[in-house]
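Below is start_26.pdb, which holds PDB, C-alpha atoms, pLDDT in the B column.
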```pdb
ATOM      1  CA  MET F1428     104.496 110.611 105.101  1.00 96.00           C
ATOM      2  CA  ASP F1429     101.224 112.364 104.270  1.00 96.00           C
ATOM      3  CA  VAL F1430     100.489 114.894 107.027  1.00 95.00           C
ATOM      4  CA  GLY F1431      96.810 115.727 107.316  1.00 92.00           C
ATOM      5  CA  TYR F1432      95.706 113.039 104.850  1.00 93.00           C
ATOM      6  CA  GLY F1433      91.975 113.772 105.198  1.00 91.00           C
ATOM      7  CA  THR F1434      90.123 111.085 103.280  1.00 94.00           C
ATOM      8  CA  GLY F1435      93.381 109.756 101.833  1.00 96.00           C
ATOM      9  CA  ARG F1436      93.300 111.234  98.340  1.00 95.00           C
ATOM     10  CA  HIS F1437      97.049 111.878  98.031  1.00 96.00           C
ATOM     11  CA  ALA F1438      98.160 108.823 100.014  1.00 97.00           C
ATOM     12  CA  ILE F1439      95.994 106.566  97.858  1.00 98.00           C
ATOM     13  CA  GLU F1440      97.320 108.005  94.616  1.00 97.00           C
ATOM     14  CA  LEU F1441     100.940 107.774  95.776  1.00 97.00           C
ATOM     15  CA  THR F1442     100.421 104.165  96.894  1.00 98.00           C
ATOM     16  CA  LYS F1443      98.925 103.326  93.490  1.00 98.00           C
ATOM     17  CA  ARG F1444     102.147 104.682  91.980  1.00 97.00           C
ATOM     18  CA  GLY F1445     104.263 102.360  94.098  1.00 97.00           C
ATOM     19  CA  TYR F1446     105.183 104.498  97.107  1.00 97.00           C
ATOM     20  CA  SER F1447     104.939 103.257 100.685  1.00 97.00           C
ATOM     21  CA  VAL F1448     102.906 105.862 102.575  1.00 97.00           C
ATOM     22  CA  THR F1449     102.213 106.544 106.225  1.00 98.00           C
ATOM     23  CA  GLY F1450      99.337 108.951 106.757  1.00 96.00           C
ATOM     24  CA  ILE F1451      98.916 111.214 109.785  1.00 95.00           C
ATOM     25  CA  ASP F1452      95.627 112.935 110.626  1.00 94.00           C
ATOM     26  CA  LEU F1453      94.017 114.033 113.883  1.00 92.00           C
ATOM     27  CA  SER F1454      90.448 113.123 112.888  1.00 92.00           C
ATOM     28  CA  GLU F1455      88.961 109.704 113.682  1.00 95.00           C
ATOM     29  CA  SER F1456      86.229 110.225 111.073  1.00 95.00           C
ATOM     30  CA  GLN F1457      88.835 111.029 108.390  1.00 93.00           C
ATOM     31  CA  LEU F1458      90.786 107.933 109.428  1.00 95.00           C
ATOM     32  CA  LYS F1459      87.693 105.770 109.004  1.00 97.00           C
ATOM     33  CA  ARG F1460      86.898 107.209 105.570  1.00 97.00           C
ATOM     34  CA  ALA F1461      90.515 106.955 104.356  1.00 97.00           C
ATOM     35  CA  LYS F1462      90.704 103.299 105.416  1.00 97.00           C
ATOM     36  CA  GLU F1463      87.428 102.554 103.615  1.00 98.00           C
ATOM     37  CA  LYS F1464      88.700 104.174 100.412  1.00 98.00           C
ATOM     38  CA  ALA F1465      92.047 102.349 100.582  1.00 98.00           C
ATOM     39  CA  LYS F1466      90.301  99.030 101.187  1.00 97.00           C
ATOM     40  CA  ALA F1467      87.954  99.645  98.236  1.00 98.00           C
ATOM     41  CA  ALA F1468      91.045 100.254  96.068  1.00 97.00           C
ATOM     42  CA  ASN F1469      92.703  97.103  97.486  1.00 98.00           C
ATOM     43  CA  LEU F1470      95.598  99.144  98.904  1.00 98.00           C
ATOM     44  CA  CYS F1471      97.533  98.771 102.145  1.00 96.00           C
ATOM     45  CA  ILE F1472      98.257 102.196 103.648  1.00 98.00           C
ATOM     46  CA  ASP F1473      99.385 102.881 107.198  1.00 97.00           C
ATOM     47  CA  PHE F1474      96.844 105.541 108.182  1.00 97.00           C
ATOM     48  CA  LYS F1475      97.318 106.767 111.750  1.00 96.00           C
ATOM     49  CA  CYS F1476      95.209 108.986 113.972  1.00 96.00           C
ATOM     50  CA  GLN F1477      98.003 111.193 115.266  1.00 94.00           C
ATOM     51  CA  ASP F1478      98.564 114.846 116.153  1.00 93.00           C
ATOM     52  CA  ALA F1479     101.235 116.283 113.843  1.00 92.00           C
ATOM     53  CA  ARG F1480     102.383 118.531 116.694  1.00 92.00           C
ATOM     54  CA  ASN F1481     103.535 115.455 118.603  1.00 94.00           C
ATOM     55  CA  LEU F1482     104.819 112.763 116.242  1.00 95.00           C
ATOM     56  CA  PRO F1483     106.518 109.587 117.496  1.00 95.00           C
ATOM     57  CA  PHE F1484     108.905 109.334 114.522  1.00 96.00           C
ATOM     58  CA  ALA F1485     112.613 110.099 114.326  1.00 96.00           C
ATOM     59  CA  GLY F1486     114.691 109.753 111.160  1.00 97.00           C
ATOM     60  CA  GLU F1487     112.214 107.486 109.366  1.00 97.00           C
ATOM     61  CA  PHE F1488     110.960 109.270 106.232  1.00 97.00           C
ATOM     62  CA  ASP F1489     112.472 110.345 102.919  1.00 97.00           C
ATOM     63  CA  VAL F1490     109.623 112.709 102.040  1.00 97.00           C
ATOM     64  CA  ALA F1491     106.668 114.340 103.721  1.00 96.00           C
ATOM     65  CA  ILE F1492     103.769 116.048 102.029  1.00 95.00           C
ATOM     66  CA  MET F1493     101.242 118.349 103.634  1.00 92.00           C
ATOM     67  CA  LEU F1494      98.959 119.378 100.794  1.00 89.00           C
ATOM     68  CA  CYS F1495      95.681 121.273 100.767  1.00 79.00           C
ATOM     69  CA  GLU F1496      96.534 122.678 104.178  1.00 65.00           C
ATOM     70  CA  GLY F1497      96.802 119.251 105.859  1.00 64.00           C
ATOM     71  CA  GLY F1498      96.923 120.738 109.351  1.00 68.00           C
ATOM     72  CA  PHE F1499      98.436 124.117 108.615  1.00 65.00           C
ATOM     73  CA  SER F1500      95.928 126.963 108.815  1.00 64.00           C
ATOM     74  CA  PHE F1501      93.819 124.866 111.188  1.00 67.00           C
ATOM     75  CA  MET F1502      96.167 125.744 114.023  1.00 71.00           C
ATOM     76  CA  GLU F1503      95.332 128.695 116.225  1.00 73.00           C
ATOM     77  CA  THR F1504      98.846 130.083 116.702  1.00 77.00           C
ATOM     78  CA  ASP F1505     102.172 130.344 114.928  1.00 78.00           C
ATOM     79  CA  GLU F1506     103.650 128.283 117.762  1.00 85.00           C
ATOM     80  CA  MET F1507     101.296 125.401 116.932  1.00 84.00           C
ATOM     81  CA  ASN F1508     102.302 125.587 113.270  1.00 83.00           C
ATOM     82  CA  TYR F1509     105.945 125.608 114.347  1.00 87.00           C
ATOM     83  CA  GLU F1510     105.375 122.403 116.335  1.00 90.00           C
ATOM     84  CA  ILE F1511     104.065 120.717 113.173  1.00 89.00           C
ATOM     85  CA  LEU F1512     107.140 121.809 111.211  1.00 90.00           C
ATOM     86  CA  LYS F1513     109.487 120.774 114.013  1.00 93.00           C
ATOM     87  CA  ASN F1514     107.904 117.326 114.414  1.00 94.00           C
ATOM     88  CA  VAL F1515     107.715 116.592 110.708  1.00 94.00           C
ATOM     89  CA  THR F1516     111.347 117.527 110.129  1.00 94.00           C
ATOM     90  CA  LYS F1517     112.402 115.465 113.182  1.00 97.00           C
ATOM     91  CA  SER F1518     110.868 112.452 111.418  1.00 96.00           C
ATOM     92  CA  PHE F1519     113.157 112.855 108.387  1.00 97.00           C
ATOM     93  CA  LYS F1520     116.112 110.840 107.226  1.00 97.00           C
ATOM     94  CA  PRO F1521     119.087 112.975 106.083  1.00 96.00           C
ATOM     95  CA  GLN F1522     118.447 114.798 102.794  1.00 96.00           C
ATOM     96  CA  ALA F1523     114.656 114.350 103.062  1.00 96.00           C
ATOM     97  CA  LYS F1524     112.228 116.674 101.299  1.00 96.00           C
ATOM     98  CA  PHE F1525     109.153 118.431 102.680  1.00 93.00           C
ATOM     99  CA  ILE F1526     106.497 119.530 100.209  1.00 92.00           C
ATOM    100  CA  PHE F1527     103.594 121.528 101.581  1.00 86.00           C
ATOM    101  CA  THR F1528     101.064 124.163 100.726  1.00 84.00           C
ATOM    102  CA  THR F1529      99.473 126.707 102.982  1.00 75.00           C
ATOM    103  CA  LEU F1530      96.894 129.412 102.616  1.00 69.00           C
ATOM    104  CA  ASN F1531      97.126 132.952 103.808  1.00 63.00           C
ATOM    105  CA  GLY F1532      94.809 132.787 106.815  1.00 60.00           C
ATOM    106  CA  LEU F1533      94.136 136.516 106.521  1.00 62.00           C
ATOM    107  CA  LEU F1534      92.873 136.324 102.929  1.00 58.00           C
ATOM    108  CA  PRO F1535      89.239 135.393 103.801  1.00 60.00           C
ATOM    109  CA  LEU F1536      89.162 138.181 106.382  1.00 60.00           C
ATOM    110  CA  PHE F1537      90.699 140.627 103.907  1.00 61.00           C
ATOM    111  CA  GLN F1538      88.139 139.675 101.252  1.00 64.00           C
ATOM    112  CA  SER F1539      85.200 140.032 103.661  1.00 66.00           C
ATOM    113  CA  VAL F1540      85.839 143.713 104.356  1.00 63.00           C
ATOM    114  CA  PRO F1541      85.169 146.353 101.697  1.00 67.00           C
ATOM    115  CA  LEU F1542      88.329 148.187 100.719  1.00 61.00           C
ATOM    116  CA  PRO F1543      88.387 151.932 101.204  1.00 63.00           C
ATOM    117  CA  GLN F1544      87.958 153.816  97.959  1.00 65.00           C
ATOM    118  CA  LYS F1545      91.049 155.607  96.775  1.00 62.00           C
ATOM    119  CA  THR F1546      90.350 159.301  96.763  1.00 60.00           C
ATOM    120  CA  VAL F1547      92.152 161.804  94.603  1.00 56.00           C
ATOM    121  CA  PRO F1548      92.390 165.380  95.878  1.00 56.00           C
ATOM    122  CA  ARG F1549      90.145 167.619  93.793  1.00 58.00           C
ATOM    123  CA  HIS F1550      93.031 169.905  92.756  1.00 57.00           C
ATOM    124  CA  ALA F1551      94.980 166.900  91.396  1.00 53.00           C
ATOM    125  CA  GLU F1552      92.284 166.296  88.782  1.00 53.00           C
ATOM    126  CA  THR F1553      92.666 169.750  87.248  1.00 54.00           C
ATOM    127  CA  THR F1554      96.323 170.514  87.819  1.00 52.00           C
ATOM    128  CA  PRO F1555      98.511 169.698  84.796  1.00 51.00           C
ATOM    129  CA  LEU F1556     101.348 167.261  85.500  1.00 50.00           C
ATOM    130  CA  ILE F1557     103.886 169.170  83.358  1.00 53.00           C
TER     131      ILE F1557
END
```

Written as structure tokens, that's how I'd like the structure from this file.
Amino acid sequence: MDVGYGTGRHAIELTKRGYSVTGIDLSESQLKRAKEKAKAANLCIDFKCQDARNLPFAGEFDVAIMLCEGGFSFMETDEMNYEILKNVTKSFKPQAKFIFTTLNGLLPLFQSVPLPQKTVPRHAETTPLI
């Protein structure tokens, strides 16, 4: 299962390599584009317009990927992110694997604010350390 497939980049590549992929994304426009790309590549991929916080699957998948944020970091709260994790893992067969990436949502904010300059007390510059 490809969670947050976007335009289908990962699902298409995995299907080309022989995997059977179900894609989940909340966006109708992404669904349309992913289907167009799969059709152009002559591939059959089960792309669904579905909210990852409320998946209808139970015990169906061996692997799930959620790459390039695929839903994570778009959520407004930790509870929403937890619902994604809970629903994806509920969809797993025993011994399934979950591969995902996520960004630090605070990094852009951190980088947008100038850091305070480290100041050294004047006496520290002239006082010998030994």

Determine, counting all atoms listed in the file, which protein, DNA and RNA residues have an atom within 10 Å of an atom of Val1430 of chain F; residues of the same chain fewer than 6 positions away are not included. Present the result as a PyMOL selection string.
chain F and resi 1438+1449-1453+1475+1477-1479+1491-1494+1496-1499+1511+1515+1527

Keeping only C-alpha atoms, take the residues you just selected and write them out as a short mmCIF file (atom, residue, chain, number, x, y, z; two decimals), keeping the file's coordinate frame.
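Below is the file selection.cif, written as the result:
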```cif
data_model
loop_
_atom_site.label_atom_id
_atom_site.label_comp_id
_atom_site.auth_asym_id
_atom_site.auth_seq_id
_atom_site.Cartn_x
_atom_site.Cartn_y
_atom_site.Cartn_z
CA ALA F 1438 98.16 108.82 100.01
CA THR F 1449 102.21 106.54 106.22
CA GLY F 1450 99.34 108.95 106.76
CA ILE F 1451 98.92 111.21 109.78
CA ASP F 1452 95.63 112.94 110.63
CA LEU F 1453 94.02 114.03 113.88
CA LYS F 1475 97.32 106.77 111.75
CA GLN F 1477 98.00 111.19 115.27
CA ASP F 1478 98.56 114.85 116.15
CA ALA F 1479 101.24 116.28 113.84
CA ALA F 1491 106.67 114.34 103.72
CA ILE F 1492 103.77 116.05 102.03
CA MET F 1493 101.24 118.35 103.63
CA LEU F 1494 98.96 119.38 100.79
CA GLU F 1496 96.53 122.68 104.18
CA GLY F 1497 96.80 119.25 105.86
CA GLY F 1498 96.92 120.74 109.35
CA PHE F 1499 98.44 124.12 108.62
CA ILE F 1511 104.06 120.72 113.17
CA VAL F 1515 107.72 116.59 110.71
CA PHE F 1527 103.59 121.53 101.58
#
```

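If you count all atoms listed in the file and ignore residues fewer than 4 places along the chain from Phe1488 of chain F, what sits within 7 Å of it is Met1428, Ser1518, Phe1519 and Lys1520 of chain F.
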
With C-alpha atoms retained, could you export that selection as a PDB file, in the coordinates of the input?
```pdb
ATOM      1  CA  MET F1428     104.496 110.611 105.101  1.00 96.00           C
ATOM      2  CA  SER F1518     110.868 112.452 111.418  1.00 96.00           C
ATOM      3  CA  PHE F1519     113.157 112.855 108.387  1.00 97.00           C
ATOM      4  CA  LYS F1520     116.112 110.840 107.226  1.00 97.00           C
TER       5      LYS F1520
END
```

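Remark: for Thr1442 of chain F, the closest of the candidate residues F:Lys1459, F:Asn1469, F:Thr1529, F:Glu1506 is F:Asn1469 (distances computed over all atoms listed in the file).
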
Pairwise distance, atom CA of Pro1483 of chain F with atom CA of Thr1516 of chain F, equals 11.9 Å

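Going from atom CA of Ser1447 of chain F to atom CA of Ala1468 of chain F covers 14.9 Å.
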
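Pairwise distance (atom CA of Leu1441 of chain F, atom CA of Lys1466 of chain F) equals 14.8 Å.
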
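Using the PyMOL selection byres ((chain F and resi 1465) around 12) on this structure selects Thr1434, Gly1435, Arg1436, His1437, Ala1438, Ile1439, Glu1440, Leu1441, Thr1442, Lys1443, Val1448, Gly1450, Leu1458, Lys1459, Arg1460, Ala1461, Lys1462, Glu1463, Lys1464, Lys1466, Ala1467, Ala1468, Asn1469, Leu1470, Cys1471, Ile1472, Asp1473 and Phe1474 of chain F.
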
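With all atoms listed in the file as the atoms that count, the minimum distance from Asn1514 of chain F to the choices F:Arg1480, F:Asp1489, F:Gly1431, F:Ser1454 is reached by F:Arg1480.
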
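Among F:Asn1508, F:Cys1495, F:Ala1485, F:Cys1476, the residue with the shortest atom-to-atom distance to Pro1521 of chain F, counting all atoms listed in the file, is F:Ala1485.
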